[in-house]
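Chemist: My structure is stored as start-v9.pdb, with PDB, C-alpha atoms.
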```
ATOM      1  CA  MET F  13      11.667 -13.531  39.730  1.00  0.00           C
ATOM      2  CA  ASN F  14       8.244 -14.460  38.340  1.00  0.00           C
ATOM      3  CA  LYS F  15       7.147 -10.868  38.781  1.00  0.00           C
ATOM      4  CA  ILE F  16      10.078  -9.613  36.681  1.00  0.00           C
ATOM      5  CA  LEU F  17       9.387 -12.180  33.952  1.00  0.00           C
ATOM      6  CA  GLY F  18       5.704 -11.189  33.951  1.00  0.00           C
ATOM      7  CA  ILE F  19       6.560  -7.505  33.542  1.00  0.00           C
ATOM      8  CA  LEU F  20       9.094  -8.300  30.814  1.00  0.00           C
ATOM      9  CA  PHE F  21       6.524 -10.423  28.969  1.00  0.00           C
ATOM     10  CA  ALA F  22       3.911  -7.651  29.207  1.00  0.00           C
ATOM     11  CA  VAL F  23       6.372  -5.091  27.815  1.00  0.00           C
ATOM     12  CA  ILE F  24       7.268  -7.396  24.895  1.00  0.00           C
ATOM     13  CA  VAL F  25       3.597  -7.981  24.079  1.00  0.00           C
ATOM     14  CA  LEU F  26       2.798  -4.256  24.197  1.00  0.00           C
ATOM     15  CA  VAL F  27       5.761  -3.337  21.994  1.00  0.00           C
ATOM     16  CA  SER F  28       4.989  -6.030  19.423  1.00  0.00           C
ATOM     17  CA  CYS F  29       1.301  -5.082  19.251  1.00  0.00           C
ATOM     18  CA  ASN F  30       2.114  -1.397  18.876  1.00  0.00           C
ATOM     19  CA  SER F  31       4.673  -2.019  16.113  1.00  0.00           C
ATOM     20  CA  GLN F  32       1.975  -3.647  13.957  1.00  0.00           C
ATOM     21  CA  LYS F  33      -0.389  -0.677  14.369  1.00  0.00           C
ATOM     22  CA  VAL F  34       1.128   1.086  11.357  1.00  0.00           C
ATOM     23  CA  TYR F  35      -0.020  -1.810   9.157  1.00  0.00           C
ATOM     24  CA  SER F  36      -3.664  -1.665  10.247  1.00  0.00           C
ATOM     25  CA  ASP F  37      -4.310   2.016  10.980  1.00  0.00           C
ATOM     26  CA  PHE F  38      -4.350   3.761   7.594  1.00  0.00           C
ATOM     27  CA  ASP F  39      -6.666   5.739   5.305  1.00  0.00           C
ATOM     28  CA  ILE F  40      -5.107   4.594   2.015  1.00  0.00           C
ATOM     29  CA  SER F  41      -2.820   1.678   1.269  1.00  0.00           C
ATOM     30  CA  TYR F  42      -0.907   0.578  -1.802  1.00  0.00           C
ATOM     31  CA  SER F  43       0.885  -2.746  -1.728  1.00  0.00           C
ATOM     32  CA  ARG F  44       2.741  -4.888  -4.229  1.00  0.00           C
ATOM     33  CA  SER F  45       3.888  -8.402  -3.475  1.00  0.00           C
ATOM     34  CA  GLY F  46       4.726 -11.761  -4.984  1.00  0.00           C
ATOM     35  CA  GLY F  47       6.586 -12.904  -8.057  1.00  0.00           C
ATOM     36  CA  TYR F  48       9.210 -15.542  -8.744  1.00  0.00           C
ATOM     37  CA  ALA F  49      11.708 -13.664  -6.574  1.00  0.00           C
ATOM     38  CA  PRO F  50       9.227 -12.470  -3.954  1.00  0.00           C
ATOM     39  CA  MET F  51       9.072  -8.770  -3.275  1.00  0.00           C
ATOM     40  CA  TYR F  52       7.006  -6.728  -0.853  1.00  0.00           C
ATOM     41  CA  GLU F  53       6.306  -3.014  -1.202  1.00  0.00           C
ATOM     42  CA  ASN F  54       3.856  -1.086   0.967  1.00  0.00           C
ATOM     43  CA  LEU F  55       2.756   2.526   1.111  1.00  0.00           C
ATOM     44  CA  LEU F  56       0.373   3.289   3.966  1.00  0.00           C
ATOM     45  CA  ILE F  57      -1.082   6.769   4.339  1.00  0.00           C
ATOM     46  CA  LYS F  58      -2.843   8.090   7.452  1.00  0.00           C
ATOM     47  CA  GLY F  59      -3.741  11.772   7.197  1.00  0.00           C
ATOM     48  CA  ASN F  60      -0.586  13.398   5.833  1.00  0.00           C
ATOM     49  CA  THR F  61       1.768  10.783   7.294  1.00  0.00           C
ATOM     50  CA  ALA F  62       3.022   7.959   5.096  1.00  0.00           C
ATOM     51  CA  HIS F  63       4.905   4.781   5.945  1.00  0.00           C
ATOM     52  CA  TYR F  64       6.815   3.117   3.108  1.00  0.00           C
ATOM     53  CA  SER F  65       8.495  -0.278   3.243  1.00  0.00           C
ATOM     54  CA  PHE F  66      10.247  -2.385   0.628  1.00  0.00           C
ATOM     55  CA  ASP F  67      11.751  -5.870   0.853  1.00  0.00           C
ATOM     56  CA  GLN F  68      13.241  -7.865  -1.999  1.00  0.00           C
ATOM     57  CA  GLY F  69      16.170 -10.218  -2.261  1.00  0.00           C
ATOM     58  CA  GLY F  70      17.489  -9.419   1.199  1.00  0.00           C
ATOM     59  CA  LYS F  71      17.295  -5.664   0.631  1.00  0.00           C
ATOM     60  CA  LYS F  72      14.990  -4.045   3.156  1.00  0.00           C
ATOM     61  CA  TYR F  73      14.051  -0.423   3.358  1.00  0.00           C
ATOM     62  CA  LYS F  74      11.629   1.602   5.501  1.00  0.00           C
ATOM     63  CA  GLN F  75      10.876   5.304   5.565  1.00  0.00           C
ATOM     64  CA  ASP F  76       8.242   7.574   7.059  1.00  0.00           C
ATOM     65  CA  PHE F  77       7.462  10.864   5.338  1.00  0.00           C
ATOM     66  CA  LYS F  78       4.812  13.558   5.009  1.00  0.00           C
ATOM     67  CA  VAL F  79       2.474  13.622   2.014  1.00  0.00           C
ATOM     68  CA  SER F  80       1.466  17.134   0.995  1.00  0.00           C
ATOM     69  CA  ASP F  81      -2.181  18.185   0.860  1.00  0.00           C
ATOM     70  CA  GLU F  82      -1.643  18.819  -2.845  1.00  0.00           C
ATOM     71  CA  ASP F  83      -0.417  15.238  -3.432  1.00  0.00           C
ATOM     72  CA  LEU F  84      -3.370  13.822  -1.488  1.00  0.00           C
ATOM     73  CA  LYS F  85      -5.793  15.961  -3.471  1.00  0.00           C
ATOM     74  CA  LYS F  86      -4.156  14.866  -6.733  1.00  0.00           C
ATOM     75  CA  LEU F  87      -4.355  11.197  -5.662  1.00  0.00           C
ATOM     76  CA  ASP F  88      -8.033  11.576  -4.737  1.00  0.00           C
ATOM     77  CA  GLN F  89      -8.740  13.242  -8.100  1.00  0.00           C
ATOM     78  CA  THR F  90      -6.953  10.427  -9.928  1.00  0.00           C
ATOM     79  CA  LEU F  91      -9.009   7.838  -8.050  1.00  0.00           C
ATOM     80  CA  SER F  92     -12.229   9.702  -8.906  1.00  0.00           C
ATOM     81  CA  GLN F  93     -11.389  10.454 -12.548  1.00  0.00           C
ATOM     82  CA  ASN F  94     -10.463   6.822 -13.165  1.00  0.00           C
ATOM     83  CA  ASN F  95     -13.582   5.440 -11.439  1.00  0.00           C
ATOM     84  CA  PHE F  96     -11.657   3.467  -8.818  1.00  0.00           C
ATOM     85  CA  ARG F  97     -14.835   2.065  -7.271  1.00  0.00           C
ATOM     86  CA  ARG F  98     -16.115   0.805 -10.641  1.00  0.00           C
ATOM     87  CA  ILE F  99     -12.962  -0.971 -11.788  1.00  0.00           C
ATOM     88  CA  GLN F 100     -13.801  -4.612 -12.364  1.00  0.00           C
ATOM     89  CA  GLU F 101     -11.449  -7.403 -11.404  1.00  0.00           C
ATOM     90  CA  ASP F 102     -11.188 -10.542 -13.502  1.00  0.00           C
ATOM     91  CA  HIS F 103     -11.257 -13.843 -11.653  1.00  0.00           C
ATOM     92  CA  LYS F 104      -8.741 -15.879 -13.641  1.00  0.00           C
ATOM     93  CA  LYS F 105      -6.165 -17.751 -11.606  1.00  0.00           C
ATOM     94  CA  LEU F 106      -2.636 -16.362 -11.834  1.00  0.00           C
ATOM     95  CA  TYR F 107       0.388 -17.784 -10.085  1.00  0.00           C
ATOM     96  CA  ASP F 108       3.829 -16.304  -9.289  1.00  0.00           C
ATOM     97  CA  ASN F 109       2.583 -12.887 -10.350  1.00  0.00           C
ATOM     98  CA  VAL F 110       3.431  -9.562  -8.712  1.00  0.00           C
ATOM     99  CA  THR F 111       0.104  -8.378  -7.359  1.00  0.00           C
ATOM    100  CA  THR F 112      -0.923  -4.836  -6.539  1.00  0.00           C
ATOM    101  CA  SER F 113      -3.682  -4.066  -4.037  1.00  0.00           C
ATOM    102  CA  ILE F 114      -5.175  -0.686  -3.207  1.00  0.00           C
ATOM    103  CA  ASN F 115      -7.421  -0.025  -0.202  1.00  0.00           C
ATOM    104  CA  VAL F 116      -9.165   3.272   0.471  1.00  0.00           C
ATOM    105  CA  LYS F 117     -10.870   3.351   3.863  1.00  0.00           C
ATOM    106  CA  LYS F 118     -12.581   6.726   3.760  1.00  0.00           C
ATOM    107  CA  GLY F 119     -13.953   9.311   1.390  1.00  0.00           C
ATOM    108  CA  PRO F 120     -15.892   9.074  -1.879  1.00  0.00           C
ATOM    109  CA  ASN F 121     -13.449   6.517  -3.320  1.00  0.00           C
ATOM    110  CA  GLU F 122     -13.758   4.071  -0.428  1.00  0.00           C
ATOM    111  CA  GLY F 123     -13.124   0.543  -1.648  1.00  0.00           C
ATOM    112  CA  SER F 124     -10.610  -2.182  -2.276  1.00  0.00           C
ATOM    113  CA  LYS F 125      -9.221  -3.405  -5.604  1.00  0.00           C
ATOM    114  CA  SER F 126      -6.518  -5.858  -6.590  1.00  0.00           C
ATOM    115  CA  ASP F 127      -5.007  -7.105  -9.821  1.00  0.00           C
ATOM    116  CA  ALA F 128      -4.306 -10.519  -8.287  1.00  0.00           C
ATOM    117  CA  SER F 129      -6.502 -12.074 -10.956  1.00  0.00           C
ATOM    118  CA  THR F 130      -5.938  -9.234 -13.459  1.00  0.00           C
ATOM    119  CA  ILE F 131      -8.183  -6.281 -14.214  1.00  0.00           C
ATOM    120  CA  MET F 132     -10.878  -6.524 -16.885  1.00  0.00           C
ATOM    121  CA  PRO F 133      -9.478  -5.233 -20.205  1.00  0.00           C
ATOM    122  CA  ASN F 134     -11.698  -2.149 -20.495  1.00  0.00           C
ATOM    123  CA  PHE F 135     -10.462  -0.941 -17.060  1.00  0.00           C
ATOM    124  CA  THR F 136      -6.699  -1.469 -17.484  1.00  0.00           C
ATOM    125  CA  THR F 137      -6.021   2.149 -18.505  1.00  0.00           C
ATOM    126  CA  ASN F 138      -7.885   3.400 -15.423  1.00  0.00           C
ATOM    127  CA  TRP F 139      -5.993   0.950 -13.200  1.00  0.00           C
ATOM    128  CA  ASN F 140      -2.619   1.934 -14.683  1.00  0.00           C
ATOM    129  CA  ASN F 141      -3.375   5.649 -14.183  1.00  0.00           C
ATOM    130  CA  ILE F 142      -4.096   4.971 -10.508  1.00  0.00           C
ATOM    131  CA  LEU F 143      -0.933   2.865 -10.111  1.00  0.00           C
ATOM    132  CA  ASN F 144       1.100   5.666 -11.687  1.00  0.00           C
ATOM    133  CA  ALA F 145      -0.305   8.172  -9.169  1.00  0.00           C
ATOM    134  CA  PHE F 146       0.877   6.011  -6.259  1.00  0.00           C
ATOM    135  CA  GLN F 147       4.249   5.398  -7.903  1.00  0.00           C
ATOM    136  CA  GLU F 148       4.676   9.156  -8.354  1.00  0.00           C
ATOM    137  CA  ILE F 149       4.163   9.714  -4.611  1.00  0.00           C
ATOM    138  CA  ILE F 150       6.738   7.009  -3.860  1.00  0.00           C
ATOM    139  CA  ASN F 151       9.265   8.322  -6.405  1.00  0.00           C
ATOM    140  CA  ASN F 152       8.935  11.927  -5.198  1.00  0.00           C
ATOM    141  CA  ASN F 153       9.215  11.168  -1.470  1.00  0.00           C
ATOM    142  CA  VAL F 154      11.250   8.020  -0.883  1.00  0.00           C
ATOM    143  CA  LYS F 155      15.006   8.259  -0.841  1.00  0.00           C
ATOM    144  CA  LYS F 156      16.349   4.715  -1.075  1.00  0.00           C
ATOM    145  CA  SER F 157      19.891   4.179   0.078  1.00  0.00           C
ATOM    146  CA  LYS F 158      22.049   1.950  -2.074  1.00  0.00           C
TER     147      LYS F 158
END
```
Can the structure in the file be given as structure tokens, please?
Modeler:
Amino acid sequence: MNKILGILFAVIVLVSCNSQKVYSDFDISYSRSGGYAPMYENLLIKGNTAHYSFDQGGKKYKQDFKVSDEDLKKLDQTLSQNNFRRIQEDHKKLYDNVTTSINVKKGPNEGSKSDASTIMPNFTTNWNNILNAFQEIINNNVKKSK
């Protein structure tokens, strides 16, 4: 009996560890979270594979899809043209705000930025251009059921 419980426990641990891999093994991530009515939106890209998840007000949605080479190239160009690495974050305290974070783990735009404390005014256009590029990928690839 103990042997069966041990095997069952090992299987549960392996499955739970493997299910979290998608959230740590990515090249590019875009996430939005927070607010008065908390919401969570994630887009994780590894190679040409993307994992999208959304959760707000009891509505949950997940979808995996392929990102075209053209879309990845366009995203990389947007990051470069808008000086992603040079965007400066402000350090004011904000509460109950929807926050967007972007992490790039490889390539010339490698870095991490967040508007958790807002973006410095002279970089807001650059930041918004980058956000729009991610939103375009989501809008063109994610089919949310109602």
Chemist: What is the distance between CA of Met51 (chain F) and CA of Lys104 (chain F), in Å to one decimal?
Modeler: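 Separation of CA of Met51 (chain F) and CA of Lys104 (chain F): 21.8 Å.
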Chemist: Evaluate the PyMOL selection byres ((chain F and resi 95) around 10) on the structure here and hand back the selected residues as a JSON list (two decimals) with C-alpha atoms, in the frame of the given file.
Modeler:
```json
[["chain", "number", "residue", "atom", "x", "y", "z"],
["F", 89, "GLN", "CA", -8.74, 13.24, -8.10],
["F", 90, "THR", "CA", -6.95, 10.43, -9.93],
["F", 91, "LEU", "CA", -9.01, 7.84, -8.05],
["F", 92, "SER", "CA", -12.23, 9.70, -8.91],
["F", 93, "GLN", "CA", -11.39, 10.45, -12.55],
["F", 94, "ASN", "CA", -10.46, 6.82, -13.16],
["F", 96, "PHE", "CA", -11.66, 3.47, -8.82],
["F", 97, "ARG", "CA", -14.84, 2.06, -7.27],
["F", 98, "ARG", "CA", -16.11, 0.80, -10.64],
["F", 99, "ILE", "CA", -12.96, -0.97, -11.79],
["F", 121, "ASN", "CA", -13.45, 6.52, -3.32],
["F", 135, "PHE", "CA", -10.46, -0.94, -17.06],
["F", 138, "ASN", "CA", -7.88, 3.40, -15.42],
["F", 139, "TRP", "CA", -5.99, 0.95, -13.20],
["F", 142, "ILE", "CA", -4.10, 4.97, -10.51]]
```
Chemist: Compare F:Thr61, F:Asn152, F:Asn109, F:Thr130 by their minimum atom-to-atom distance to Ala49 (chain F), counting all atoms listed in the file, and give me the closest one.
Modeler: F:Asn109
Chemist: Which neighbours of region 62-69 of chain F fall inside 9 Å, counting all atoms listed in the file, when residues of the same chain fewer than 6 positions from it are skipped, and could you give them as a ChimeraX atom specification?
Modeler: /F:34-35,38,49-56,75-79,150,154
Chemist: Could you tell me which residues the PyMOL selection byres ((chain F and resi 127) around 10) grabs in this file, written as a PyMOL selection string?
Modeler: chain F and resi 44+100-103+106+109-114+125-126+128-132+136+139
Chemist: What does the distance from CA of Glu148 (chain F) to CA of Asn115 (chain F) come to in Å, to one decimal?
Modeler: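 Straight-line distance from CA of Glu148 (chain F) to CA of Asn115 (chain F) works out to 17.2 Å.
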Chemist: Using Å and a single decimal, report how far CA of Ser80 (chain F) sits from CA of Asn153 (chain F).
Modeler: 10.1 Å
Chemist: Once all heavy atoms are restored for region 125-136 of chain F, what would the output be as an mmCIF file, keeping the file's coordinate frame?
Modeler:
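What ended up in out39.cif:
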```cif
data_model
loop_
_atom_site.group_PDB
_atom_site.id
_atom_site.type_symbol
_atom_site.label_atom_id
_atom_site.label_comp_id
_atom_site.auth_asym_id
_atom_site.auth_seq_id
_atom_site.Cartn_x
_atom_site.Cartn_y
_atom_site.Cartn_z
ATOM 1 N N LYS F 125 -9.412 -2.772 -4.296
ATOM 2 C CA LYS F 125 -9.221 -3.405 -5.604
ATOM 3 C C LYS F 125 -7.857 -4.074 -5.641
ATOM 4 O O LYS F 125 -6.915 -3.632 -5.000
ATOM 5 C CB LYS F 125 -9.305 -2.384 -6.744
ATOM 6 C CG LYS F 125 -10.610 -1.631 -6.840
ATOM 7 C CD LYS F 125 -11.741 -2.531 -7.275
ATOM 8 C CE LYS F 125 -13.038 -1.731 -7.283
ATOM 9 N NZ LYS F 125 -14.174 -2.546 -7.597
ATOM 10 N N SER F 126 -7.770 -5.130 -6.443
ATOM 11 C CA SER F 126 -6.518 -5.858 -6.590
ATOM 12 C C SER F 126 -6.425 -6.429 -7.993
ATOM 13 O O SER F 126 -7.435 -6.822 -8.578
ATOM 14 C CB SER F 126 -6.469 -6.999 -5.571
ATOM 15 O OG SER F 126 -5.367 -7.823 -5.813
ATOM 16 N N ASP F 127 -5.207 -6.472 -8.514
ATOM 17 C CA ASP F 127 -5.007 -7.105 -9.821
ATOM 18 C C ASP F 127 -4.473 -8.530 -9.679
ATOM 19 O O ASP F 127 -3.840 -9.056 -10.586
ATOM 20 C CB ASP F 127 -4.099 -6.253 -10.711
ATOM 21 C CG ASP F 127 -2.681 -6.116 -10.183
ATOM 22 O OD1 ASP F 127 -2.359 -6.695 -9.129
ATOM 23 O OD2 ASP F 127 -1.883 -5.407 -10.835
ATOM 24 N N ALA F 128 -4.768 -9.151 -8.543
ATOM 25 C CA ALA F 128 -4.306 -10.519 -8.287
ATOM 26 C C ALA F 128 -4.793 -11.483 -9.362
ATOM 27 O O ALA F 128 -4.115 -12.443 -9.699
ATOM 28 C CB ALA F 128 -4.761 -10.993 -6.911
ATOM 29 N N SER F 129 -5.963 -11.245 -9.883
ATOM 30 C CA SER F 129 -6.502 -12.074 -10.956
ATOM 31 C C SER F 129 -6.675 -11.259 -12.226
ATOM 32 O O SER F 129 -7.533 -11.557 -13.035
ATOM 33 C CB SER F 129 -7.845 -12.665 -10.525
ATOM 34 O OG SER F 129 -7.685 -13.499 -9.419
ATOM 35 N N THR F 130 -5.924 -10.222 -12.374
ATOM 36 C CA THR F 130 -5.938 -9.234 -13.459
ATOM 37 C C THR F 130 -7.158 -8.318 -13.360
ATOM 38 O O THR F 130 -8.098 -8.569 -12.618
ATOM 39 C CB THR F 130 -5.866 -9.843 -14.886
ATOM 40 O OG1 THR F 130 -7.078 -10.496 -15.203
ATOM 41 C CG2 THR F 130 -4.697 -10.773 -15.035
ATOM 42 N N ILE F 131 -7.111 -7.265 -14.126
ATOM 43 C CA ILE F 131 -8.183 -6.281 -14.214
ATOM 44 C C ILE F 131 -8.858 -6.498 -15.566
ATOM 45 O O ILE F 131 -8.185 -6.792 -16.561
ATOM 46 C CB ILE F 131 -7.595 -4.848 -14.117
ATOM 47 C CG1 ILE F 131 -6.909 -4.624 -12.765
ATOM 48 C CG2 ILE F 131 -8.649 -3.787 -14.380
ATOM 49 C CD1 ILE F 131 -7.811 -4.677 -11.555
ATOM 50 N N MET F 132 -10.163 -6.344 -15.618
ATOM 51 C CA MET F 132 -10.878 -6.524 -16.885
ATOM 52 C C MET F 132 -10.299 -5.558 -17.924
ATOM 53 O O MET F 132 -9.962 -4.415 -17.601
ATOM 54 C CB MET F 132 -12.378 -6.265 -16.698
ATOM 55 C CG MET F 132 -13.049 -7.297 -15.790
ATOM 56 S SD MET F 132 -12.974 -8.979 -16.415
ATOM 57 C CE MET F 132 -14.293 -8.931 -17.592
ATOM 58 N N PRO F 133 -10.164 -6.008 -19.170
ATOM 59 C CA PRO F 133 -9.478 -5.233 -20.205
ATOM 60 C C PRO F 133 -9.946 -3.780 -20.368
ATOM 61 O O PRO F 133 -9.122 -2.885 -20.560
ATOM 62 C CB PRO F 133 -9.740 -6.030 -21.487
ATOM 63 C CG PRO F 133 -9.942 -7.430 -21.012
ATOM 64 C CD PRO F 133 -10.614 -7.311 -19.677
ATOM 65 N N ASN F 134 -11.237 -3.521 -20.288
ATOM 66 C CA ASN F 134 -11.698 -2.149 -20.495
ATOM 67 C C ASN F 134 -11.443 -1.236 -19.291
ATOM 68 O O ASN F 134 -11.793 -0.057 -19.324
ATOM 69 C CB ASN F 134 -13.171 -2.104 -20.926
ATOM 70 C CG ASN F 134 -14.068 -2.986 -20.102
ATOM 71 O OD1 ASN F 134 -13.624 -3.994 -19.577
ATOM 72 N ND2 ASN F 134 -15.331 -2.633 -19.992
ATOM 73 N N PHE F 135 -10.808 -1.756 -18.228
ATOM 74 C CA PHE F 135 -10.462 -0.941 -17.060
ATOM 75 C C PHE F 135 -8.948 -0.850 -16.841
ATOM 76 O O PHE F 135 -8.507 -0.236 -15.879
ATOM 77 C CB PHE F 135 -11.120 -1.511 -15.794
ATOM 78 C CG PHE F 135 -12.613 -1.368 -15.785
ATOM 79 C CD1 PHE F 135 -13.420 -2.418 -16.189
ATOM 80 C CD2 PHE F 135 -13.212 -0.186 -15.382
ATOM 81 C CE1 PHE F 135 -14.798 -2.294 -16.193
ATOM 82 C CE2 PHE F 135 -14.588 -0.044 -15.376
ATOM 83 C CZ PHE F 135 -15.394 -1.108 -15.787
ATOM 84 N N THR F 136 -8.152 -1.451 -17.722
ATOM 85 C CA THR F 136 -6.699 -1.469 -17.484
ATOM 86 C C THR F 136 -6.076 -0.076 -17.554
ATOM 87 O O THR F 136 -5.163 0.216 -16.792
ATOM 88 C CB THR F 136 -5.970 -2.420 -18.462
ATOM 89 O OG1 THR F 136 -6.295 -2.071 -19.800
ATOM 90 C CG2 THR F 136 -6.330 -3.869 -18.199
#
```
